>>> print(open('upload_28.cif').read())   # mmCIF, C-alpha atoms
data_query
#
loop_
_atom_site.label_atom_id
_atom_site.label_comp_id
_atom_site.auth_asym_id
_atom_site.auth_seq_id
_atom_site.Cartn_x
_atom_site.Cartn_y
_atom_site.Cartn_z
CA MET A 20 -60.37 94.01 30.37
CA SER A 21 -63.98 95.17 30.84
CA ASN A 22 -65.01 98.26 32.82
CA LYS A 23 -66.32 96.08 35.62
CA ASP A 24 -62.98 94.33 35.91
CA THR A 25 -61.21 97.70 36.11
CA SER A 26 -63.50 98.83 38.94
CA ASP A 27 -62.91 95.64 40.88
CA TRP A 28 -59.20 96.11 40.45
CA ASP A 29 -59.47 99.72 41.76
CA ARG A 30 -61.41 98.61 44.77
CA ASP A 31 -58.91 95.85 45.52
CA MET A 32 -56.06 98.32 45.24
CA ILE A 33 -57.75 100.79 47.60
CA ASP A 34 -58.46 98.00 50.08
CA ARG A 35 -54.83 96.90 49.93
CA GLN A 36 -53.56 100.48 50.43
CA LEU A 37 -55.81 101.07 53.41
CA ALA A 38 -54.93 97.74 55.00
CA GLU A 39 -51.25 98.52 54.57
CA HIS A 40 -51.77 101.95 56.10
CA LEU A 41 -53.62 100.50 59.10
CA ARG A 42 -50.78 98.03 59.68
CA SER A 43 -48.21 100.83 59.67
CA ALA A 44 -50.43 102.98 61.91
CA ARG A 45 -50.08 100.36 64.64
CA ARG A 46 -46.40 101.27 65.09
CA PRO A 47 -46.48 104.78 66.56
CA ASP A 48 -43.08 106.48 66.64
CA PRO A 49 -42.67 109.40 69.08
CA LEU A 50 -40.06 110.83 66.73
CA GLY A 51 -42.41 110.45 63.79
CA LYS A 52 -45.55 112.45 63.23
CA ARG A 53 -46.20 112.68 66.97
CA ALA A 54 -43.25 115.09 67.03
CA LEU A 55 -45.44 117.60 65.19
CA PHE A 56 -47.36 118.20 68.41
CA SER A 57 -45.84 119.97 71.39
CA VAL A 58 -48.73 119.09 73.67
CA SER A 59 -49.13 115.65 75.19
CA GLY A 60 -52.14 113.56 74.43
CA VAL A 61 -53.63 112.50 77.69
CA PRO A 62 -56.06 109.66 77.27
CA SER A 63 -59.13 110.12 79.42
CA GLY A 64 -59.43 107.48 82.10
CA PRO A 65 -62.77 106.15 83.32
CA PHE A 66 -63.03 109.18 85.62
CA GLY A 67 -61.91 111.74 83.03
CA SER A 68 -58.72 113.83 82.93
CA LEU A 69 -57.36 117.10 84.27
CA ALA A 70 -57.44 120.03 81.84
CA LEU A 71 -55.95 123.52 82.04
CA GLU A 72 -57.67 126.44 80.36
CA CYS A 73 -55.44 129.38 79.51
CA SER A 74 -56.53 133.01 79.94
CA SER A 75 -54.16 134.10 77.14
CA CYS A 76 -54.74 131.64 74.32
CA LYS A 77 -58.16 130.47 75.62
CA ARG A 78 -57.25 126.88 74.79
CA GLU A 79 -57.90 123.90 76.97
CA SER A 80 -55.00 121.46 77.28
CA PRO A 81 -55.26 118.06 78.90
CA VAL A 82 -52.43 117.37 81.36
CA ARG A 83 -51.21 114.51 83.47
CA LEU A 84 -50.99 115.13 87.21
CA ARG A 85 -47.28 114.41 87.12
CA GLU A 86 -46.80 117.24 84.58
CA LEU A 87 -48.22 119.86 86.97
CA PRO A 88 -45.05 120.49 89.07
CA ARG A 89 -43.09 121.25 85.89
CA LEU A 90 -45.75 123.76 84.76
CA MET A 91 -45.80 125.40 88.21
CA MET A 92 -42.02 125.96 88.30
CA PRO A 93 -40.36 128.18 89.44
CA LEU A 94 -43.29 129.74 91.34
CA SER A 95 -47.03 129.29 91.19
CA ILE A 96 -49.62 131.57 92.78
CA THR A 97 -53.29 130.70 93.33
CA LEU A 98 -55.95 133.37 93.81
CA PRO A 99 -59.75 133.05 94.19
CA ARG A 100 -60.72 134.09 90.64
CA LYS A 101 -61.80 132.45 87.38
CA TYR A 102 -58.29 131.85 86.08
CA HIS A 103 -56.89 131.06 89.46
CA SER A 104 -53.37 129.73 89.04
CA LEU A 105 -50.27 131.39 87.65
CA MET A 106 -48.30 128.74 85.76
CA LYS A 107 -47.04 127.84 82.31
CA CYS A 108 -49.70 127.02 79.72
CA PRO A 109 -48.93 123.66 78.10
CA GLY A 110 -50.66 124.89 74.94
CA CYS A 111 -49.09 128.27 74.14
CA GLY A 112 -46.07 128.04 76.44
CA ARG A 113 -46.79 131.41 78.10
CA ARG A 114 -46.52 131.90 81.83
CA THR A 115 -49.99 133.19 82.60
CA TRP A 116 -53.19 132.63 84.57
CA LEU A 117 -54.83 129.24 84.10
CA ARG A 118 -57.95 127.50 85.27
CA ALA A 119 -57.79 123.82 86.16
CA HIS A 120 -60.83 121.62 85.88
CA TRP A 121 -61.75 117.99 85.53
CA ARG A 122 -62.79 116.89 82.05
CA VAL A 123 -65.01 113.84 81.83
CA MET B 6 -66.08 135.99 64.79
CA ALA B 7 -65.12 134.41 61.48
CA ARG B 8 -65.78 130.81 60.53
CA THR B 9 -62.43 129.29 59.64
CA ILE B 10 -62.34 126.52 57.06
CA ALA B 11 -59.18 124.58 56.20
CA ILE B 12 -58.86 123.12 52.71
CA ALA B 13 -56.56 120.18 53.34
CA ASN B 14 -55.22 117.05 51.72
CA GLN B 15 -51.56 116.12 51.92
CA LYS B 16 -51.65 114.79 48.39
CA GLY B 17 -50.49 117.37 45.87
CA GLY B 18 -52.40 118.28 42.71
CA VAL B 19 -55.88 117.56 44.03
CA ALA B 20 -57.09 121.16 43.49
CA LYS B 21 -56.72 122.47 47.04
CA THR B 22 -55.64 125.92 45.88
CA THR B 23 -58.13 126.03 43.01
CA SER B 24 -60.90 125.07 45.43
CA CYS B 25 -59.76 127.57 48.06
CA VAL B 26 -59.66 130.46 45.57
CA ALA B 27 -62.96 129.47 43.93
CA LEU B 28 -64.79 128.89 47.23
CA GLY B 29 -63.42 132.17 48.60
CA ALA B 30 -64.65 134.04 45.54
CA ALA B 31 -68.00 132.24 45.60
CA ILE B 32 -68.55 133.02 49.28
CA ALA B 33 -67.50 136.64 48.71
CA GLU B 34 -70.09 136.87 45.91
CA THR B 35 -72.78 136.36 48.55
CA GLY B 36 -71.64 139.56 50.26
CA ALA B 37 -69.58 137.92 53.01
CA ARG B 38 -66.15 139.25 53.95
CA VAL B 39 -63.60 136.57 53.10
CA LEU B 40 -59.92 136.18 53.90
CA LEU B 41 -57.76 133.55 52.19
CA VAL B 42 -54.56 132.45 53.91
CA ASP B 43 -51.83 130.86 51.80
CA LEU B 44 -50.04 128.24 53.91
CA ASP B 45 -48.11 126.64 51.07
CA PRO B 46 -44.46 127.67 50.56
CA GLN B 47 -45.06 127.17 46.83
CA ALA B 48 -47.38 130.20 47.11
CA SER B 49 -49.75 128.95 44.42
CA LEU B 50 -52.70 130.75 45.97
CA SER B 51 -50.84 134.06 46.11
CA TYR B 52 -49.78 133.63 42.48
CA SER B 53 -53.27 132.55 41.40
CA LEU B 54 -54.68 135.85 42.58
CA GLY B 55 -52.13 137.95 40.73
CA LEU B 56 -49.51 138.52 43.44
CA ASP B 57 -45.81 138.04 42.82
CA PRO B 58 -44.67 135.93 45.81
CA ASP B 59 -41.01 136.93 45.39
CA ALA B 60 -41.78 140.65 45.45
CA LEU B 61 -43.84 140.67 48.65
CA GLU B 62 -42.58 142.57 51.66
CA ASN B 63 -44.52 140.71 54.35
CA THR B 64 -45.99 137.22 54.16
CA ILE B 65 -47.41 134.60 56.51
CA HIS B 66 -43.80 133.53 57.14
CA ASP B 67 -43.15 136.86 58.91
CA VAL B 68 -46.20 136.23 61.07
CA PHE B 69 -45.03 132.76 62.10
CA VAL B 70 -41.60 133.99 63.12
CA GLY B 71 -43.14 136.89 65.06
CA ARG B 72 -41.81 139.67 62.85
CA VAL B 73 -45.11 141.38 61.97
CA PRO B 74 -48.77 141.10 63.04
CA VAL B 75 -50.96 139.28 60.54
CA GLY B 76 -52.87 142.51 59.81
CA LYS B 77 -49.79 143.93 58.10
CA THR B 78 -49.62 141.07 55.62
CA ILE B 79 -53.17 141.34 54.27
CA HIS B 80 -53.62 142.29 50.62
CA GLN B 81 -57.04 143.61 49.67
CA LEU B 82 -57.79 142.22 46.22
CA THR B 83 -60.81 142.50 43.97
CA GLU B 84 -62.31 139.15 44.93
CA CYS B 85 -61.25 138.79 48.57
CA ASP B 86 -58.48 139.61 51.01
CA VAL B 87 -55.36 137.45 51.03
CA VAL B 88 -52.52 136.69 53.41
CA PRO B 89 -49.84 135.58 50.94
CA SER B 90 -46.86 133.30 51.34
CA ASN B 91 -43.60 132.68 49.58
CA ILE B 92 -40.80 130.13 49.70
CA ASP B 93 -39.54 131.54 53.03
CA LEU B 94 -42.45 129.73 54.64
CA ALA B 95 -40.46 126.52 54.29
CA GLY B 96 -38.09 127.99 56.90
CA ALA B 97 -40.94 128.90 59.24
CA GLU B 98 -41.81 125.22 59.42
CA ALA B 99 -38.35 124.41 60.78
CA TYR B 100 -38.55 127.40 63.16
CA LEU B 101 -41.94 126.31 64.53
CA LEU B 102 -40.81 122.74 65.16
CA THR B 103 -38.60 123.93 68.03
CA ARG B 104 -41.35 125.96 69.73
CA THR B 105 -43.70 124.86 72.48
CA GLY B 106 -47.26 125.67 71.48
CA ARG B 107 -46.30 125.56 67.80
CA GLU B 108 -49.73 124.17 66.90
CA TYR B 109 -51.39 127.42 68.00
CA ALA B 110 -49.25 129.97 66.14
CA LEU B 111 -51.77 130.51 63.32
CA ARG B 112 -54.80 130.41 65.58
CA MET B 113 -53.36 133.09 67.82
CA ALA B 114 -52.43 135.23 64.82
CA LEU B 115 -55.92 134.94 63.32
CA ASP B 116 -57.52 135.84 66.66
CA GLU B 117 -56.24 139.38 66.05
CA ILE B 118 -58.22 139.87 62.83
CA ASP B 119 -61.06 137.38 62.73
CA MET B 120 -63.60 140.00 63.83
CA HIS B 121 -63.14 141.71 60.46
CA TYR B 122 -64.23 138.67 58.41
CA ASN B 123 -67.14 136.30 58.07
CA PHE B 124 -65.04 133.48 56.60
CA ILE B 125 -61.35 132.63 56.67
CA LEU B 126 -60.20 129.93 54.25
CA LEU B 127 -56.85 128.24 54.83
CA ASP B 128 -55.05 126.77 51.83
CA CYS B 129 -52.93 123.97 53.32
CA PRO B 130 -49.62 122.73 51.90
CA PRO B 131 -49.43 119.25 50.34
CA SER B 132 -47.93 117.66 53.45
CA LEU B 133 -48.93 116.66 56.96
CA GLY B 134 -46.35 118.89 58.63
CA VAL B 135 -46.58 121.57 61.27
CA LEU B 136 -48.23 124.07 58.89
CA THR B 137 -51.12 121.71 58.23
CA ILE B 138 -51.39 121.00 61.97
CA ASN B 139 -51.54 124.79 62.51
CA ALA B 140 -54.34 125.08 59.95
CA LEU B 141 -56.32 122.23 61.47
CA THR B 142 -55.83 123.68 64.96
CA ALA B 143 -57.02 127.12 63.81
CA ALA B 144 -60.00 125.83 61.82
CA HIS B 145 -63.57 125.18 62.81
CA GLU B 146 -64.11 122.94 59.80
CA VAL B 147 -62.07 121.09 57.23
CA VAL B 148 -62.94 120.36 53.61
CA ILE B 149 -60.97 117.60 51.87
CA PRO B 150 -60.56 117.99 48.11
CA LEU B 151 -60.13 114.61 46.50
CA GLN B 152 -59.08 113.94 42.94
CA CYS B 153 -61.31 111.23 41.53
CA GLU B 154 -58.64 108.55 41.13
CA ALA B 155 -57.78 105.47 43.14
CA LEU B 156 -54.48 106.63 44.67
CA SER B 157 -56.21 109.60 46.33
CA HIS B 158 -57.81 107.27 48.86
CA ARG B 159 -54.54 106.57 50.58
CA GLY B 160 -54.06 110.23 51.50
CA VAL B 161 -57.58 110.60 52.87
CA GLY B 162 -57.08 107.79 55.40
CA GLN B 163 -53.85 109.38 56.65
CA LEU B 164 -55.41 112.84 56.77
CA LEU B 165 -58.41 111.60 58.77
CA GLU B 166 -56.01 110.04 61.25
CA THR B 167 -54.18 113.37 61.62
CA ILE B 168 -57.52 115.16 62.03
CA SER B 169 -58.34 112.72 64.79
CA ASP B 170 -54.98 113.54 66.49
CA VAL B 171 -55.77 117.24 66.22
CA GLN B 172 -59.25 116.73 67.67
CA ARG B 173 -57.72 114.83 70.58
CA LEU B 174 -54.79 117.14 71.23
CA THR B 175 -55.34 120.71 70.06
CA ASN B 176 -58.79 121.36 68.61
CA ARG B 177 -61.60 119.30 70.03
CA ASP B 178 -64.21 121.21 67.99
CA LEU B 179 -62.72 120.58 64.54
CA ARG B 180 -65.35 119.12 62.22
CA VAL B 181 -64.83 117.39 58.88
CA ARG B 182 -67.29 119.19 56.65
CA GLY B 183 -66.95 116.79 53.77
CA ILE B 184 -65.06 115.50 50.79
CA LEU B 185 -64.94 117.67 47.70
CA PRO B 186 -64.44 115.53 44.57
CA THR B 187 -62.41 117.41 41.99
CA MET B 188 -61.28 116.80 38.40
CA PHE B 189 -64.28 114.58 37.98
CA ASP B 190 -64.70 113.09 34.53
CA PRO B 191 -68.23 111.70 34.23
CA ARG B 192 -67.29 109.90 30.99
CA THR B 193 -65.07 107.41 32.81
CA GLN B 194 -66.32 104.53 34.88
CA HIS B 195 -63.24 104.99 37.06
CA SER B 196 -64.23 108.51 38.21
CA ARG B 197 -67.80 107.42 38.87
CA GLU B 198 -66.65 104.40 40.87
CA ILE B 199 -64.30 106.47 43.00
CA LEU B 200 -67.01 109.04 43.68
CA GLU B 201 -69.44 106.31 44.70
CA ASP B 202 -66.88 104.55 46.87
CA VAL B 203 -65.43 107.49 48.77
CA GLY B 204 -68.43 108.65 50.79
CA ARG B 205 -69.36 105.11 51.74
CA ARG B 206 -65.83 104.14 52.73
CA TYR B 207 -65.21 107.09 55.08
CA SER B 208 -68.80 107.77 56.16
CA LEU B 209 -68.39 111.43 55.30
CA PRO B 210 -70.61 113.84 53.37
CA VAL B 211 -69.53 114.27 49.75
CA PHE B 212 -70.09 117.60 47.96
CA ASP B 213 -71.22 117.71 44.34
CA PRO B 214 -68.23 116.86 42.13
CA VAL B 215 -66.36 119.55 40.22
CA ARG B 216 -65.69 118.51 36.65
CA LYS B 217 -62.28 118.59 35.04
CA SER B 218 -61.80 121.60 32.77
CA ILE B 219 -58.95 123.48 31.13
CA ARG B 220 -60.52 126.72 32.42
CA PHE B 221 -59.22 125.86 35.92
CA ALA B 222 -55.67 125.84 34.56
CA GLU B 223 -56.16 129.08 32.62
CA ALA B 224 -57.66 131.16 35.45
CA PRO B 225 -54.49 131.41 37.65
CA ARG B 226 -52.50 132.66 34.65
CA ALA B 227 -54.94 135.55 34.48
CA GLY B 228 -54.61 136.12 38.24
CA LYS B 229 -58.31 135.47 38.74
CA SER B 230 -60.57 132.85 40.25
CA ILE B 231 -62.62 130.70 37.91
CA LEU B 232 -65.63 132.77 38.95
CA ARG B 233 -64.14 135.96 37.51
CA TYR B 234 -62.27 134.33 34.65
CA ALA B 235 -65.19 132.32 33.29
CA SER B 236 -68.17 133.39 35.33
CA SER B 237 -70.78 131.29 33.55
CA HIS B 238 -68.60 128.18 33.20
CA PRO B 239 -70.09 125.02 34.81
CA GLY B 240 -66.99 124.84 37.04
CA ALA B 241 -67.74 128.27 38.46
CA ASP B 242 -71.35 127.26 39.05
CA ALA B 243 -70.22 124.05 40.76
CA TYR B 244 -68.17 126.06 43.26
CA ARG B 245 -71.07 128.49 43.79
CA THR B 246 -73.30 125.52 44.69
CA ILE B 247 -70.68 124.08 47.05
CA ALA B 248 -70.12 127.50 48.66
CA ARG B 249 -73.85 127.87 49.28
CA SER B 250 -74.00 124.51 51.06
CA LEU B 251 -70.81 125.32 52.96
CA ILE B 252 -72.12 128.59 54.39
CA ALA B 253 -75.67 127.37 54.97
#
>>> encode(input="upload_28.cif", output="structure tokens")
Amino acid sequence: MSNKDTSDWDRDMIDRQLAEHLRSARRPDPLGKRALFSVSGVPSGPFGSLALECSSCKRESPVRLRELPRLMMPLSITLPRKYHSLMKCPGCGRRTWLRAHWRV
Amino acid sequence: MARTIAIANQKGGVAKTTSCVALGAAIAETGARVLLVDLDPQASLSYSLGLDPDALENTIHDVFVGRVPVGKTIHQLTECDVVPSNIDLAGAEAYLLTRTGREYALRMALDEIDMHYNFILLDCPPSLGVLTINALTAAHEVVIPLQCEALSHRGVGQLLETISDVQRLTNRDLRVRGILPTMFDPRTQHSREILEDVGRRYSLPVFDPVRKSIRFAEAPRAGKSILRYASSHPGADAYRTIARSLIA
């Protein structure tokens, strides 16, 4: 087999591997690698998505509106300050002061 | 604040640890303060720099389980500072999987010390588990070492997908700095073809390749980086060149 033939074979093999990987990537399993993440992935809609910024870990976590009540339990306080709401950070899990804003 | 760079590829034996140690030493040669963090339970990085993983009192495992602050695990070595690991880290992975906010454990730990360093390099384990997610969440940039052989491609596609998940979920600012071709053998058409193909296929920058050499295998046995073990070796110079472009 010539060198050129070997290279073509390599390329074919890489193409086959990637195609196979893309096929398997179309079957997301919530108990598979998604389980590595504790935060939810909130796809941005056409008008953006709600995000919470944590005063403790300084991270910004996207959240769904329906997740808010759970984060506010058992008690949430809102004060007129930068990090205005006391609730649970979806990123670090601490109960601390957060800032909500709309992310486009 | 330090620039944090993860050296990641879930495929084993692609020279992640060798690259992490050599890049750390090369960056430190420029006068920068460098910290290397061993995130592999096999503790190859710790061993490569002369530490005995089984004799260590505190490791990154103790940080992950909240036993000690990361500052207490740092070893100040000749070439750079190191946060070592040992086989206990395999247990930390299971511990973290039950915790909310598990992706941020490393980032929060490094926040305590990053003001003392210019660069923090994270040596990732050969898997796409929670430790690698922690590294990618804590990092500003990721470098992907790639052995110049056809099977390596498969891992890169999967890693890029995970990086995309991390960018979406936990670290919007993570940037893929480039692919670092390792164990390059310019005498074979195969190596040259892979090198040519990889940048084009993934539309990513590709660093200058690092050639295969027995010196890379000898250096860890001496507990030194290639830069100290064989300072004028072309492999050491290759990492110096890559380090310069990395910190530019």
>>> closest_atom_pairs(input="upload_28.cif", of="chain A", to="chain B", cutoff="6 Å", atoms="all atoms listed in the file", output="JSON lines")
{"residue": "A:Leu55", "atom": "CA", "partner": "B:Val135", "partner_atom": "CA", "distance": 5.7}
{"residue": "A:Ser57", "atom": "CA", "partner": "B:Thr105", "partner_atom": "CA", "distance": 5.4}
{"residue": "A:Gly60", "atom": "CA", "partner": "B:Leu174", "partner_atom": "CA", "distance": 5.5}
{"residue": "A:Gly110", "atom": "CA", "partner": "B:Gly106", "partner_atom": "CA", "distance": 4.9}
{"residue": "A:Cys111", "atom": "CA", "partner": "B:Gly106", "partner_atom": "CA", "distance": 4.1}
{"residue": "A:Gly112", "atom": "CA", "partner": "B:Thr105", "partner_atom": "CA", "distance": 5.6}
>>> residues_around(input="upload_28.cif", residues="Arg113 (chain A)", least_positions_apart="4", cutoff="12 Å", atoms="only C-alpha atoms", output="PDB file with C-alpha atoms, in the coordinates of the input")
ATOM      1  CA  CYS A  73     -55.440 129.380  79.510  1.00  0.00           C
ATOM      2  CA  SER A  74     -56.530 133.010  79.940  1.00  0.00           C
ATOM      3  CA  SER A  75     -54.160 134.100  77.140  1.00  0.00           C
ATOM      4  CA  CYS A  76     -54.740 131.640  74.320  1.00  0.00           C
ATOM      5  CA  LYS A  77     -58.160 130.470  75.620  1.00  0.00           C
ATOM      6  CA  ARG A  78     -57.250 126.880  74.790  1.00  0.00           C
ATOM      7  CA  LEU A  90     -45.750 123.760  84.760  1.00  0.00           C
ATOM      8  CA  MET A  91     -45.800 125.400  88.210  1.00  0.00           C
ATOM      9  CA  LEU A 105     -50.270 131.390  87.650  1.00  0.00           C
ATOM     10  CA  MET A 106     -48.300 128.740  85.760  1.00  0.00           C
ATOM     11  CA  LYS A 107     -47.040 127.840  82.310  1.00  0.00           C
ATOM     12  CA  CYS A 108     -49.700 127.020  79.720  1.00  0.00           C
ATOM     13  CA  PRO A 109     -48.930 123.660  78.100  1.00  0.00           C
ATOM     14  CA  LEU A 117     -54.830 129.240  84.100  1.00  0.00           C
TER      15      LEU A 117
ATOM     16  CA  ARG B 104     -41.350 125.960  69.730  1.00  0.00           C
ATOM     17  CA  THR B 105     -43.700 124.860  72.480  1.00  0.00           C
ATOM     18  CA  GLY B 106     -47.260 125.670  71.480  1.00  0.00           C
ATOM     19  CA  ARG B 107     -46.300 125.560  67.800  1.00  0.00           C
ATOM     20  CA  TYR B 109     -51.390 127.420  68.000  1.00  0.00           C
TER      21      TYR B 109
END
>>> atom_distance(input="upload_28.cif", atom1="CA of Val68 (chain B)", atom2="CA of Arg53 (chain A)")
24.3 Å
>>> atom_distance(input="upload_28.cif", atom1="CA of Ile92 (chain B)", atom2="CA of Thr64 (chain B)")
9.9 Å
>>> resolve_selection(input="upload_28.cif", expression="the PyMOL selection byres ((chain B and resi 225) around 9)", output="ChimeraX atom specification")
/B:23,49-50,52-55,221-224,226-231,234
>>> resolve_selection(input="upload_28.cif", expression="the PyMOL selection byres ((chain B and resi 128) around 9)", output="count of residues only")
20
>>> closest_residue(input="upload_28.cif", among="B:Leu185, B:Ala235, B:Leu56, B:Ile79", to="Ser250 (chain B)", atoms="all atoms listed in the file")
B:Leu185
>>> resolve_selection(input="upload_28.cif", expression="the PyMOL selection byres ((chain B and resi 94) around 10)", output="NGL selection string")
:B and (43-48 or 64-70 or 90-93 or 95-100 or 136)
>>> write_last_selection(input="upload_28.cif", atoms="C-alpha atoms", output="mmCIF file, in the coordinates of the input")
data_model
loop_
_atom_site.group_PDB
_atom_site.id
_atom_site.type_symbol
_atom_site.label_atom_id
_atom_site.label_comp_id
_atom_site.auth_asym_id
_atom_site.auth_seq_id
_atom_site.Cartn_x
_atom_site.Cartn_y
_atom_site.Cartn_z
ATOM 1 C CA ASP B 43 -51.830 130.860 51.800
ATOM 2 C CA LEU B 44 -50.040 128.240 53.910
ATOM 3 C CA ASP B 45 -48.110 126.640 51.070
ATOM 4 C CA PRO B 46 -44.460 127.670 50.560
ATOM 5 C CA GLN B 47 -45.060 127.170 46.830
ATOM 6 C CA ALA B 48 -47.380 130.200 47.110
ATOM 7 C CA THR B 64 -45.990 137.220 54.160
ATOM 8 C CA ILE B 65 -47.410 134.600 56.510
ATOM 9 C CA HIS B 66 -43.800 133.530 57.140
ATOM 10 C CA ASP B 67 -43.150 136.860 58.910
ATOM 11 C CA VAL B 68 -46.200 136.230 61.070
ATOM 12 C CA PHE B 69 -45.030 132.760 62.100
ATOM 13 C CA VAL B 70 -41.600 133.990 63.120
ATOM 14 C CA SER B 90 -46.860 133.300 51.340
ATOM 15 C CA ASN B 91 -43.600 132.680 49.580
ATOM 16 C CA ILE B 92 -40.800 130.130 49.700
ATOM 17 C CA ASP B 93 -39.540 131.540 53.030
ATOM 18 C CA ALA B 95 -40.460 126.520 54.290
ATOM 19 C CA GLY B 96 -38.090 127.990 56.900
ATOM 20 C CA ALA B 97 -40.940 128.900 59.240
ATOM 21 C CA GLU B 98 -41.810 125.220 59.420
ATOM 22 C CA ALA B 99 -38.350 124.410 60.780
ATOM 23 C CA TYR B 100 -38.550 127.400 63.160
ATOM 24 C CA LEU B 136 -48.230 124.070 58.890
#
>>> residues_around(input="upload_28.cif", residues="region 237-242 of chain B", least_positions_apart="6", cutoff="9 Å", atoms="all atoms listed in the file", output="PyMOL selection string")
chain B and resi 27+31+215-218+220-221+230-231
>>> atom_distance(input="upload_28.cif", atom1="CA of Glu34 (chain B)", atom2="CA of Gln81 (chain B)")
15.2 Å
>>> closest_residue(input="upload_28.cif", among="B:Ala144, B:Val19, B:Ala33, B:Ile125", to="Ala7 (chain B)", atoms="all atoms listed in the file")
B:Ile125
